[in-house]
>>> print(open('start_14.cif').read())   # mmCIF, C-alpha atoms
data_input
loop_
_atom_site.label_atom_id
_atom_site.label_comp_id
_atom_site.auth_asym_id
_atom_site.auth_seq_id
_atom_site.Cartn_x
_atom_site.Cartn_y
_atom_site.Cartn_z
CA ASP A 18 0.00 0.00 0.00
CA LYS A 19 2.85 2.38 0.80
CA ALA A 20 4.47 1.79 -2.60
CA LEU A 21 1.11 2.38 -4.31
CA LYS A 22 0.64 5.72 -2.53
CA LEU A 23 4.18 6.78 -3.45
CA GLY A 24 3.71 5.78 -7.09
CA LYS A 25 6.52 3.22 -6.81
CA PRO A 26 6.04 0.30 -9.20
CA ILE A 27 6.14 -3.26 -7.90
CA ILE A 28 6.84 -5.89 -10.54
CA THR A 29 6.47 -9.56 -9.84
CA LEU A 30 7.08 -12.85 -11.64
CA LYS A 31 5.13 -15.76 -10.20
CA ILE A 32 5.31 -19.47 -10.85
CA GLY A 33 2.57 -21.93 -10.01
CA GLU A 34 0.16 -21.43 -12.92
CA SER A 35 0.41 -25.14 -13.73
CA ALA A 36 0.62 -28.27 -11.61
CA VAL A 37 4.27 -28.61 -12.59
CA GLY A 38 5.06 -25.10 -11.39
CA GLN A 39 3.17 -25.58 -8.13
CA LYS A 40 5.07 -28.79 -7.42
CA ALA A 41 8.40 -27.09 -8.17
CA ALA A 42 7.56 -24.17 -5.88
CA ALA A 43 6.44 -26.36 -3.01
CA SER A 44 9.98 -27.31 -2.08
CA HIS A 45 11.01 -23.64 -1.87
CA THR A 46 8.09 -21.34 -1.05
CA ALA A 47 5.33 -23.84 -0.23
CA SER A 48 1.95 -22.11 -0.11
CA MET A 49 3.21 -18.85 -1.63
CA THR A 50 2.10 -19.97 -5.10
CA GLY A 51 -1.63 -19.84 -4.33
CA ASP A 52 -4.56 -19.57 -6.71
CA GLN A 53 -3.67 -17.71 -9.92
CA GLN A 54 -6.99 -15.87 -10.18
CA VAL A 55 -6.72 -14.65 -6.59
CA PHE A 56 -3.16 -13.54 -7.23
CA ASP A 57 -4.14 -11.67 -10.41
CA ALA A 58 -7.00 -9.91 -8.60
CA PHE A 59 -4.67 -8.89 -5.77
CA CYS A 60 -2.17 -7.44 -8.26
CA ARG A 61 -4.88 -5.42 -10.00
CA GLN A 62 -6.14 -4.07 -6.67
CA LYS A 63 -2.68 -3.03 -5.51
CA GLY A 64 -1.38 -1.80 -8.85
CA ILE A 65 1.26 -4.53 -9.01
CA LEU A 66 2.62 -5.37 -12.47
CA ALA A 67 2.54 -9.14 -12.77
CA ALA A 68 4.82 -10.17 -15.64
CA LYS A 69 3.59 -13.00 -17.83
CA ASP A 70 7.08 -14.34 -18.49
CA TYR A 71 10.74 -13.62 -17.76
CA GLU A 72 11.24 -11.51 -20.89
CA GLU A 73 8.33 -9.24 -19.93
CA PHE A 74 9.60 -9.09 -16.34
CA ILE A 75 12.97 -7.71 -17.50
CA ALA A 76 11.31 -5.27 -19.92
CA LEU A 77 8.99 -3.93 -17.21
CA VAL A 78 11.83 -3.52 -14.72
CA LYS A 79 14.01 -1.61 -17.19
CA SER A 80 11.15 0.59 -18.37
CA SER A 81 10.09 1.37 -14.79
CA GLU A 82 13.60 2.63 -14.05
CA TYR A 83 13.12 5.35 -16.69
CA SER A 84 12.82 8.83 -15.23
CA LYS A 85 9.79 9.84 -17.32
CA PRO A 86 6.55 8.08 -16.36
CA LEU A 87 4.15 7.11 -19.12
CA THR A 88 0.79 8.80 -18.58
CA GLY A 89 -1.31 7.61 -21.52
CA ARG A 90 -1.66 5.33 -24.53
CA ARG A 91 -1.12 7.71 -27.46
CA PHE A 92 2.19 7.50 -29.35
CA ALA A 93 4.04 8.81 -32.34
CA VAL A 94 6.07 6.13 -34.12
CA LEU A 95 9.08 7.20 -36.19
CA SER A 96 11.15 4.95 -38.40
CA HIS A 97 13.48 5.10 -41.40
CA SER A 98 11.20 2.57 -43.11
CA GLY A 99 7.49 2.72 -43.84
CA GLY A 100 7.27 -1.05 -43.54
CA ILE A 101 8.87 -1.13 -40.11
CA GLY A 102 6.81 1.81 -38.86
CA GLY A 103 3.60 0.24 -40.10
CA PHE A 104 4.44 -3.10 -38.49
CA VAL A 105 5.22 -1.44 -35.16
CA GLY A 106 2.02 0.59 -35.36
CA ASP A 107 0.07 -2.59 -36.04
CA LYS A 108 1.49 -4.34 -32.97
CA MET A 109 0.76 -1.28 -30.84
CA GLY A 110 -2.81 -1.18 -32.06
CA ALA A 111 -3.22 -4.87 -31.22
CA ALA A 112 -2.02 -4.03 -27.68
CA HIS A 113 -4.76 -1.37 -27.37
CA LEU A 114 -2.36 1.53 -27.82
CA SER A 115 -3.11 4.47 -30.10
CA VAL A 116 -1.01 5.80 -32.99
CA PRO A 117 -3.20 8.83 -33.75
CA GLN A 118 -3.34 11.19 -36.69
CA LEU A 119 -1.22 14.28 -36.05
CA GLN A 120 -2.52 17.82 -36.27
CA ALA A 121 -2.48 19.30 -39.77
CA ASP A 122 0.06 21.99 -38.92
CA THR A 123 2.39 19.38 -37.39
CA VAL A 124 2.14 17.22 -40.51
CA SER A 125 2.83 20.24 -42.72
CA ARG A 126 5.86 21.29 -40.66
CA ILE A 127 7.37 17.80 -40.72
CA ASP A 128 6.57 17.30 -44.40
CA THR A 129 8.61 20.40 -45.21
CA LEU A 130 11.58 18.94 -43.32
CA LEU A 131 11.30 15.64 -45.23
CA THR A 132 11.68 17.46 -48.58
CA GLY A 133 9.59 14.96 -50.51
CA PHE A 134 10.98 11.75 -49.01
CA GLY A 135 8.97 9.57 -46.62
CA THR A 136 5.69 10.54 -44.99
CA ALA A 137 4.75 12.86 -42.14
CA ASN A 138 1.66 10.84 -41.21
CA ASN A 139 1.78 8.78 -38.01
CA PRO A 140 3.49 6.29 -38.06
CA LEU A 141 6.12 8.49 -39.67
CA ASP A 142 8.45 7.22 -42.39
CA LEU A 143 11.45 9.56 -42.22
CA SER A 144 13.55 7.65 -44.74
CA GLY A 145 17.14 8.97 -44.76
CA THR A 146 16.15 12.06 -42.76
CA MET A 147 16.27 9.87 -39.65
CA GLN A 148 20.07 10.00 -39.84
CA THR A 149 20.32 13.79 -40.12
CA GLU A 150 20.06 16.74 -37.75
CA GLN A 151 16.56 17.38 -39.12
CA ILE A 152 15.38 14.79 -36.61
CA LEU A 153 15.81 17.44 -33.92
CA GLU A 154 13.28 19.72 -35.61
CA ILE A 155 10.91 16.84 -36.35
CA HIS A 156 10.97 15.84 -32.70
CA ALA A 157 10.35 19.46 -31.68
CA ALA A 158 7.23 19.45 -33.85
CA LEU A 159 5.98 16.33 -32.09
CA GLU A 160 6.63 17.93 -28.70
CA GLY A 161 3.90 20.39 -29.62
CA GLU A 162 1.35 17.60 -29.90
CA ALA A 163 -0.26 17.85 -26.45
CA GLU A 164 -2.25 14.64 -26.95
CA LEU A 165 0.84 12.48 -27.49
CA ASN A 166 2.03 10.60 -24.39
CA GLY A 167 5.23 9.12 -25.81
CA ILE A 168 7.45 8.84 -28.87
CA VAL A 169 8.78 5.56 -30.27
CA TYR A 170 11.86 5.46 -32.50
CA ALA A 171 11.99 2.24 -34.52
CA THR A 172 15.38 2.46 -36.19
CA HIS A 173 19.13 1.99 -35.98
CA GLY A 174 22.11 4.02 -37.15
CA LYS A 175 25.53 5.46 -36.48
CA SER A 176 26.90 7.46 -33.57
CA GLY A 177 25.30 10.68 -34.81
CA LEU A 178 21.80 9.24 -34.39
CA THR A 179 22.64 7.87 -30.94
CA GLU A 180 23.95 11.24 -29.81
CA ARG A 181 20.95 13.10 -31.18
CA LEU A 182 18.40 10.78 -29.56
CA GLY A 183 20.31 11.00 -26.30
CA ALA A 184 20.15 14.79 -26.47
CA LEU A 185 16.44 14.67 -27.31
CA ASP A 186 15.77 12.44 -24.34
CA ARG A 187 17.47 14.92 -22.03
CA SER A 188 15.47 17.87 -23.36
CA SER A 189 12.13 16.24 -24.18
CA ASN A 190 9.09 16.47 -21.94
CA LYS A 191 7.75 13.24 -23.39
CA PRO A 192 9.13 9.75 -22.70
CA LEU A 193 11.11 8.16 -25.53
CA PHE A 194 11.32 4.47 -26.39
CA TRP A 195 13.77 2.90 -28.82
CA LEU A 196 13.08 -0.22 -30.87
CA TRP A 197 16.47 -1.27 -32.25
CA THR A 198 16.02 -2.60 -35.80
CA GLY A 199 19.66 -3.28 -36.62
CA SER A 200 22.01 -6.19 -36.05
CA LEU A 201 22.67 -7.28 -32.49
CA GLU A 202 26.34 -7.40 -33.52
CA ASP A 203 26.41 -3.73 -34.50
CA PRO A 204 29.10 -2.02 -32.36
CA GLU A 205 26.91 1.08 -32.05
CA LEU A 206 24.39 -0.92 -30.03
CA GLN A 207 26.71 -0.79 -27.02
CA ALA A 208 26.52 3.01 -27.03
CA VAL A 209 22.73 2.86 -27.39
CA LYS A 210 22.49 0.59 -24.35
CA LYS A 211 24.23 3.24 -22.24
CA LEU A 212 21.41 5.71 -22.85
CA PRO A 213 18.60 5.89 -20.27
CA ILE A 214 16.02 5.43 -23.05
CA PRO A 215 14.12 2.11 -22.65
CA LEU A 216 15.42 -0.20 -25.37
CA PHE A 217 13.54 -3.00 -27.14
CA PHE A 218 14.36 -5.49 -29.88
CA ASN A 219 10.93 -6.95 -30.62
CA PRO A 220 7.89 -4.90 -31.75
CA LYS A 221 5.43 -7.17 -29.96
CA GLN A 222 7.41 -6.95 -26.70
CA LEU A 223 7.58 -3.17 -27.05
CA ALA A 224 3.82 -2.88 -27.49
CA ALA A 225 3.05 -5.34 -24.68
CA THR A 226 5.33 -3.52 -22.25
CA LEU A 227 3.97 -0.06 -23.05
CA SER A 228 0.41 -1.31 -22.63
CA ARG A 229 1.26 -2.61 -19.15
CA LEU A 230 2.82 0.67 -18.02
CA VAL A 231 -0.42 2.66 -18.33
#
>>> encode(input="start_14.cif", output="structure tokens")
Amino acid sequence: DKALKLGKPIITLKIGESAVGQKAAASHTASMTGDQQVFDAFCRQKGILAAKDYEEFIALVKSSEYSKPLTGRRFAVLSHSGGIGGFVGDKMGAAHLSVPQLQADTVSRIDTLLTGFGTANNPLDLSGTMQTEQILEIHAALEGEAELNGIVYATHGKSGLTERLGALDRSSNKPLFWLWTGSLEDPELQAVKKLPIPLFFNPKQLAATLSRLV
């Protein structure tokens, strides 16, 4: 109750959903497994985030450490690829998140910055502009969208992109989330991991985690 009043997240991972899990837990925590429905109801009542699996547990922990709390379900999705952006938007929609149409003046401002390449409609396809300093102005335009609760970058790139997104995270009023779309062997990924921005590698996991945070 104290954590709930303070707005401190509690994240749990419970075994015992099946007979096998209950038997395994008995030798360690005995009756602490309990009835799954009762446990789920207790978590909902107390605002506890009950992870469905270990991967979600880690994602929730890392995202909860982020300094900017997520306050709603409306997101802008930016990518260097229309296909990737559309796929991410689809997974977010399936997770009951919103990727809303942007205001006309915002679309017009971003479209000017794209100079005929990509699309300024949400989810945004920035094409090669993602790797340029224009991303700073595009992000500034999205900051003016009062209805947006967060901004998702679904992309990968060189050190310049990492530095710019790091700077945007420090100055932005909205929480940022990064879906890395490049190789896990890319040396730049190590620099990305040092940023405080919550980092994901799977669109479905991204959407599932964001839906649990609000």
>>> residues_near_point(input="start_14.cif", point="(3.2, 12.6, -34.5)", cutoff="6 Å", atoms="all atoms listed in the file", output="MDAnalysis selection string")
chainID A and resid 93 119 139 159
>>> atom_distance(input="start_14.cif", atom1="CA of Lys191 (chain A)", atom2="CA of Leu114 (chain A)")
16.1 Å
>>> resolve_selection(input="start_14.cif", expression="the PyMOL selection byres ((chain A and resi 84-87) around 12)", output="PyMOL selection string")
chain A and resi 24-26+79-83+88-92+165-168+186-194+212-215+226-231
>>> residues_near_point(input="start_14.cif", point="(1.1, -12.5, -19.9)", cutoff="12 Å", atoms="all atoms listed in the file", output="tab-separated table (two decimals) with C-alpha atoms, in the coordinates of the input")
chain	number	residue	atom	x	y	z
A	29	THR	CA	6.47	-9.56	-9.84
A	30	LEU	CA	7.08	-12.85	-11.64
A	31	LYS	CA	5.13	-15.76	-10.20
A	34	GLU	CA	0.16	-21.43	-12.92
A	57	ASP	CA	-4.14	-11.67	-10.41
A	66	LEU	CA	2.62	-5.37	-12.47
A	67	ALA	CA	2.54	-9.14	-12.77
A	68	ALA	CA	4.82	-10.17	-15.64
A	69	LYS	CA	3.59	-13.00	-17.83
A	70	ASP	CA	7.08	-14.34	-18.49
A	71	TYR	CA	10.74	-13.62	-17.76
A	72	GLU	CA	11.24	-11.51	-20.89
A	73	GLU	CA	8.33	-9.24	-19.93
A	74	PHE	CA	9.60	-9.09	-16.34
A	77	LEU	CA	8.99	-3.93	-17.21
A	112	ALA	CA	-2.02	-4.03	-27.68
A	222	GLN	CA	7.41	-6.95	-26.70
A	225	ALA	CA	3.05	-5.34	-24.68
A	226	THR	CA	5.33	-3.52	-22.25
A	228	SER	CA	0.41	-1.31	-22.63
A	229	ARG	CA	1.26	-2.61	-19.15
>>> residues_around(input="start_14.cif", residues="Asn138 (chain A)", least_positions_apart="5", cutoff="12 Å", atoms="all atoms listed in the file", output="ChimeraX atom specification")
/A:93-96,99,102-103,106,116-128,131,143,159
>>> residues_around(input="start_14.cif", residues="Ile101 (chain A)", least_positions_apart="5", cutoff="12 Å", atoms="all atoms listed in the file", output="JSON, numbers by chain")
{"A": [94, 95, 96, 106, 107, 108, 140, 141, 142, 143, 144, 169, 170, 171, 172, 173, 196, 197, 198, 199, 219, 220]}
>>> atom_distance(input="start_14.cif", atom1="CA of Pro204 (chain A)", atom2="CA of Lys175 (chain A)")
9.3 Å
>>> atom_distance(input="start_14.cif", atom1="CA of Gly133 (chain A)", atom2="CA of Glu180 (chain A)")
25.5 Å
>>> resolve_selection(input="start_14.cif", expression="the PyMOL selection byres ((chain A and resi 177) around 12)", output="PDB file with C-alpha atoms, in the frame of the given file")
ATOM      1  CA  MET A 147      16.270   9.870 -39.650  1.00  0.00           C
ATOM      2  CA  GLN A 148      20.070  10.000 -39.840  1.00  0.00           C
ATOM      3  CA  THR A 149      20.320  13.790 -40.120  1.00  0.00           C
ATOM      4  CA  GLU A 150      20.060  16.740 -37.750  1.00  0.00           C
ATOM      5  CA  GLN A 151      16.560  17.380 -39.120  1.00  0.00           C
ATOM      6  CA  ILE A 152      15.380  14.790 -36.610  1.00  0.00           C
ATOM      7  CA  LEU A 153      15.810  17.440 -33.920  1.00  0.00           C
ATOM      8  CA  HIS A 173      19.130   1.990 -35.980  1.00  0.00           C
ATOM      9  CA  GLY A 174      22.110   4.020 -37.150  1.00  0.00           C
ATOM     10  CA  LYS A 175      25.530   5.460 -36.480  1.00  0.00           C
ATOM     11  CA  SER A 176      26.900   7.460 -33.570  1.00  0.00           C
ATOM     12  CA  LEU A 178      21.800   9.240 -34.390  1.00  0.00           C
ATOM     13  CA  THR A 179      22.640   7.870 -30.940  1.00  0.00           C
ATOM     14  CA  GLU A 180      23.950  11.240 -29.810  1.00  0.00           C
ATOM     15  CA  ARG A 181      20.950  13.100 -31.180  1.00  0.00           C
ATOM     16  CA  LEU A 182      18.400  10.780 -29.560  1.00  0.00           C
ATOM     17  CA  GLY A 183      20.310  11.000 -26.300  1.00  0.00           C
ATOM     18  CA  ALA A 184      20.150  14.790 -26.470  1.00  0.00           C
ATOM     19  CA  GLU A 205      26.910   1.080 -32.050  1.00  0.00           C
ATOM     20  CA  ALA A 208      26.520   3.010 -27.030  1.00  0.00           C
ATOM     21  CA  VAL A 209      22.730   2.860 -27.390  1.00  0.00           C
TER      22      VAL A 209
END
